[in-house]
Structure formats: C-alpha cells, structure tokens
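One structure is given below, encoded as structure tokens.
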Amino acid sequence: MRAIWKGAVSFGLVSIAVRLYSATEEKDIRFHQVHRDDGGRIKYKRVCSVDGEEVAYDDIAKGYDLGGGEMVILTDDDFAELPLTTSRAIEVLEFVPTEQVDPILYNKAYYLEPEQTAAKPYALLRDALTNVERVAIVKVALRQREQLATLRVRDNVLVLNTMLWPDEIRAAKFDILDEDVTARPAELAMAGSLIESMAADFDPASYTDNYREALQEVIDAKVAGREVVQPEEAEEAPAAAVDLMAALRASVERARAARGEDIPSSSADDDDDDDAKPTPIKKAAAKKAAPAKKATAAKKAPAKKTAAKKSA
C-alpha cells in the first residue's frame, strides 16, 4: 500500500507520527466509453462556454454559482489562505462510548501506521482505547477539507473513520409513519420467532457479489471467444394476498426447514388472540375492493323492489 498522507496524532501533550493508508478499495468492474464500430476511446475536451476555446487544465479555477448568471471565482491562493489549523495533525478532541456514534455518520476508513520512532506511543493509545471501549473523536484535514473523524482499533491497528457532519444527514420524514399502525402481540411474537430462526453470527466472507462475478464471467467469455449461457432461475409464483400472521408463520416454517429443524404442527403464539381481526398485508387492495361491493349491492336493490311489485 502507498501512504496518502503523513502527519501526527495529537493526544494531549503526546504526538504520534503516523502515515495514512486507504483501508478499503472498490471492486467494481470499470469500463471505458468507446466507439461501438472500432473500439476507439471517447475523449472529452474542456471547452469554455463563453469563447468556445479549449482550456488548459492550469487555467481552470473553481467557481461558485450565485444564480442569475453571476459567478464567484476562487483560485488556489484563496484556498491556501483558509484556516486549516489541523493541516498536518489528527487532533484528539474527546473520547466517547462506541455505541454513541451512529453508524450513519461514518464515511471512509483509513489505516494509521506509526513512524519507526512513534511505535511506543502508538501502542499506548491503541491499547488504552481497547481497554476503555471508547473511540476518539478527532479533527483532520484531508484533501483541502477539515473533517470530523473517529479513531478506533481494528485487528490491532488504529483505524481513522472520517464522518459526515451532522447537517449533512437528511432527516427521515415519511408521512405514512405518522399514522397509528400497531402490530398485535401474536404478530410480534411470531416476528420474534422468525428473527430467532434466521439468527446467525455475521461472517462477511460468506457473502459474494453475484452481479460482479457474473459480469466477470461475461468478460472472460468474450476474451475466450465463447458464448455465455446463464442458467435460468425458476421464479416462484406470486403468493395470493394473505394476512400478516399467516405470512410470518409460513416464513418461520421455511426458515426452520432450511436449517433442518423440526417444524411444530401448530404454533401456540397466537392461541390467545385467535378472535382478533388479522392484519392484512394488502390493505390498499381491500379498501379498493370495498366500493365495488357497495355498487353491486346498489344495483341489486331495484330488482328486489320490482319483484315485490309483481307479487303484489
């Protein structure tokens, strides 16, 4: 790996010289845009929209659009004058319980390697973090931007996780969740049984990117000059609309069968709630069907009156 940043962790009066490495890498298969007829690469030119001339990279600056056609132009000198006091330091601000950091804040992960002379203070901070079960909240400047981050321990190595700022997290506002929707105790119990029947220890190595593997197979086949034949997967017929309880019970039985467990003949979880109205999965479909019944009843009403008149 190649270090992308060098600096120091500022831990009280202790300074730990470190190198920063990207801890992750994308495995997506990348493509170039090419001319379909001859495979030639498609190139793009930087052209000014005002004079139509091609612009050299050194002549390109950053512009902030004010709207109405007005643009504020910022140069490299403008960015150089910004107060990035943590430009070459990872400043520890405080130590907080690990569970208090919402995972939605995490952005990108980096490994920290100590310089040869900083191995002992590095190990001190690493072991101290492990013992107190806390993460360090830090500030660091990466790529001309100050970022909030955490320092934690993974596989005996300090890991820096950059984080989003609180105002970068969108609020979750969905009107449908404001409605008074509750589940019956029996449904909650059955859902708990389903979760329990599917419980396992997380092993990330057991999961694979099926799409990427299939795409790589297509590429390899093209290179080898052979045709790719993908087996067709049997699609299950869509199940009819059933109540939530029945769907949960069927899911539990299928999960237990997949694990080779015995399936009880009946479940006692909902015996005390049999008289309660089942929660339908497709409420909307039921609501749409209701007016049709009323209309049918209304059409039949005149026929009854006519029959009564004839009998009179």
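Starting from 1 in every chain, residues are counted up; chains themselves are A, B, ... following the order of the structure tokens, and ligands are numbered from 1 as listed.
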
As a ChimeraX atom specification, please: every residue in stretch 65-153 of chain A that a backbone DSSP assignment puts in strand (DSSP E or B). /A:65-67,70-74,89-97,106-114,134-142,145-153

Dump C-alpha atoms for the selected residues as a PDB file, in the first residue's frame?
ATOM      1  CA  ASP A  65     -22.675  29.992  -8.815  1.00  0.00           C
ATOM      2  CA  LEU A  66     -24.618  32.866  -7.231  1.00  0.00           C
ATOM      3  CA  GLY A  67     -27.533  32.424  -9.610  1.00  0.00           C
ATOM      4  CA  GLU A  70     -23.184  35.579 -11.635  1.00  0.00           C
ATOM      5  CA  MET A  71     -20.133  33.530 -10.680  1.00  0.00           C
ATOM      6  CA  VAL A  72     -17.566  33.980  -7.904  1.00  0.00           C
ATOM      7  CA  ILE A  73     -14.166  32.641  -8.979  1.00  0.00           C
ATOM      8  CA  LEU A  74     -11.840  31.130  -6.354  1.00  0.00           C
ATOM      9  CA  ALA A  89      -2.330  16.846  12.614  1.00  0.00           C
ATOM     10  CA  ILE A  90      -5.051  14.495  13.791  1.00  0.00           C
ATOM     11  CA  GLU A  91      -6.272  16.359  16.833  1.00  0.00           C
ATOM     12  CA  VAL A  92      -7.996  14.250  19.502  1.00  0.00           C
ATOM     13  CA  LEU A  93     -10.927  16.252  20.893  1.00  0.00           C
ATOM     14  CA  GLU A  94     -12.555  13.761  23.288  1.00  0.00           C
ATOM     15  CA  PHE A  95     -13.229  10.090  23.950  1.00  0.00           C
ATOM     16  CA  VAL A  96     -16.816   8.840  23.741  1.00  0.00           C
ATOM     17  CA  PRO A  97     -18.564   5.462  24.189  1.00  0.00           C
ATOM     18  CA  TYR A 106     -19.276   7.007   9.016  1.00  0.00           C
ATOM     19  CA  ASN A 107     -17.844   7.841   5.598  1.00  0.00           C
ATOM     20  CA  LYS A 108     -14.424   6.374   4.669  1.00  0.00           C
ATOM     21  CA  ALA A 109     -11.885   4.267   6.568  1.00  0.00           C
ATOM     22  CA  TYR A 110      -8.090   4.630   6.747  1.00  0.00           C
ATOM     23  CA  TYR A 111      -5.339   2.647   8.471  1.00  0.00           C
ATOM     24  CA  LEU A 112      -2.794   4.507  10.601  1.00  0.00           C
ATOM     25  CA  GLU A 113       0.771   3.196  10.628  1.00  0.00           C
ATOM     26  CA  PRO A 114       3.266   4.662  13.112  1.00  0.00           C
ATOM     27  CA  ARG A 134     -14.286   4.117  23.645  1.00  0.00           C
ATOM     28  CA  VAL A 135     -13.476   5.830  20.366  1.00  0.00           C
ATOM     29  CA  ALA A 136     -11.566   9.055  19.965  1.00  0.00           C
ATOM     30  CA  ILE A 137     -13.338  11.949  18.268  1.00  0.00           C
ATOM     31  CA  VAL A 138     -10.787  13.818  16.139  1.00  0.00           C
ATOM     32  CA  LYS A 139     -10.464  16.521  13.512  1.00  0.00           C
ATOM     33  CA  VAL A 140      -8.256  16.111  10.461  1.00  0.00           C
ATOM     34  CA  ALA A 141      -7.704  17.999   7.203  1.00  0.00           C
ATOM     35  CA  LEU A 142      -7.773  15.763   4.119  1.00  0.00           C
ATOM     36  CA  ARG A 145     -11.219  19.937   3.741  1.00  0.00           C
ATOM     37  CA  GLU A 146     -11.482  19.707   7.511  1.00  0.00           C
ATOM     38  CA  GLN A 147     -13.276  16.549   8.550  1.00  0.00           C
ATOM     39  CA  LEU A 148     -14.661  15.072  11.714  1.00  0.00           C
ATOM     40  CA  ALA A 149     -13.479  11.514  12.329  1.00  0.00           C
ATOM     41  CA  THR A 150     -13.074   8.753  14.877  1.00  0.00           C
ATOM     42  CA  LEU A 151     -10.066   6.726  15.933  1.00  0.00           C
ATOM     43  CA  ARG A 152     -10.764   3.134  16.896  1.00  0.00           C
ATOM     44  CA  VAL A 153      -8.929  -0.188  16.986  1.00  0.00           C
TER      45      VAL A 153
END

If you run DSSP on this backbone, which residues of stretch 77-259 of chain A come out as alpha helix (DSSP H), and could you give them as a VMD selection string? chain A and resid 77 to 80 119 to 132 185 to 197 210 to 224 244 to 258

For A:Ile42, please output as an MDAnalysis selection string all residues within 8 Å (counting only C-alpha atoms; exclusion window: fewer than 6 positions along the same chain). chainID A and resid 32:35

Selected residues written out with N, CA, C and O atoms, as a PDB file, in the first residue's frame:
ATOM      1  N   HIS A  32     -14.524   1.727 -20.068  1.00  0.00           N
ATOM      2  CA  HIS A  32     -14.265   2.963 -20.791  1.00  0.00           C
ATOM      3  C   HIS A  32     -15.382   3.173 -21.803  1.00  0.00           C
ATOM      4  O   HIS A  32     -15.975   2.206 -22.301  1.00  0.00           O
ATOM      5  N   GLN A  33     -15.666   4.403 -22.101  1.00  0.00           N
ATOM      6  CA  GLN A  33     -16.586   4.698 -23.191  1.00  0.00           C
ATOM      7  C   GLN A  33     -15.812   4.617 -24.505  1.00  0.00           C
ATOM      8  O   GLN A  33     -14.765   5.242 -24.650  1.00  0.00           O
ATOM      9  N   VAL A  34     -16.336   3.800 -25.432  1.00  0.00           N
ATOM     10  CA  VAL A  34     -15.631   3.587 -26.696  1.00  0.00           C
ATOM     11  C   VAL A  34     -16.604   3.707 -27.857  1.00  0.00           C
ATOM     12  O   VAL A  34     -17.831   3.627 -27.687  1.00  0.00           O
ATOM     13  N   HIS A  35     -16.051   3.898 -29.029  1.00  0.00           N
ATOM     14  CA  HIS A  35     -16.831   3.932 -30.262  1.00  0.00           C
ATOM     15  C   HIS A  35     -17.237   2.505 -30.601  1.00  0.00           C
ATOM     16  O   HIS A  35     -16.384   1.613 -30.706  1.00  0.00           O
TER      17      HIS A  35
END

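Of the listed residues (A:Arg170, A:Thr75, A:Thr130, A:Ala214), A:Thr75 comes nearest to A:Gly63; the distances count only C-alpha atoms.
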
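Picture a line from atom CA of A:Leu164 to atom CA of A:Val101; it runs 11.5 Å.
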
Near A:Ile4, within 8 Å and counting only C-alpha atoms, which residues show up once chain neighbours fewer than 5 positions away are dropped, as an MDAnalysis selection string? chainID A and resid 19:22

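Of the residues under consideration (A:Ala247, A:Leu105, A:Ala199, A:Val132), A:Leu105 shows the shortest atom-to-atom contact distance to A:Asp167 when counting only C-alpha atoms.
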
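Atom CA of A:Asp243 to atom CA of A:Ile195 spans 18.6 Å [interatomic distance, one decimal].
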
For A:Leu215, which residue among A:Met190, A:Ala3, A:Ile29, A:Val157 is the nearest when counting only C-alpha atoms? A:Ile29
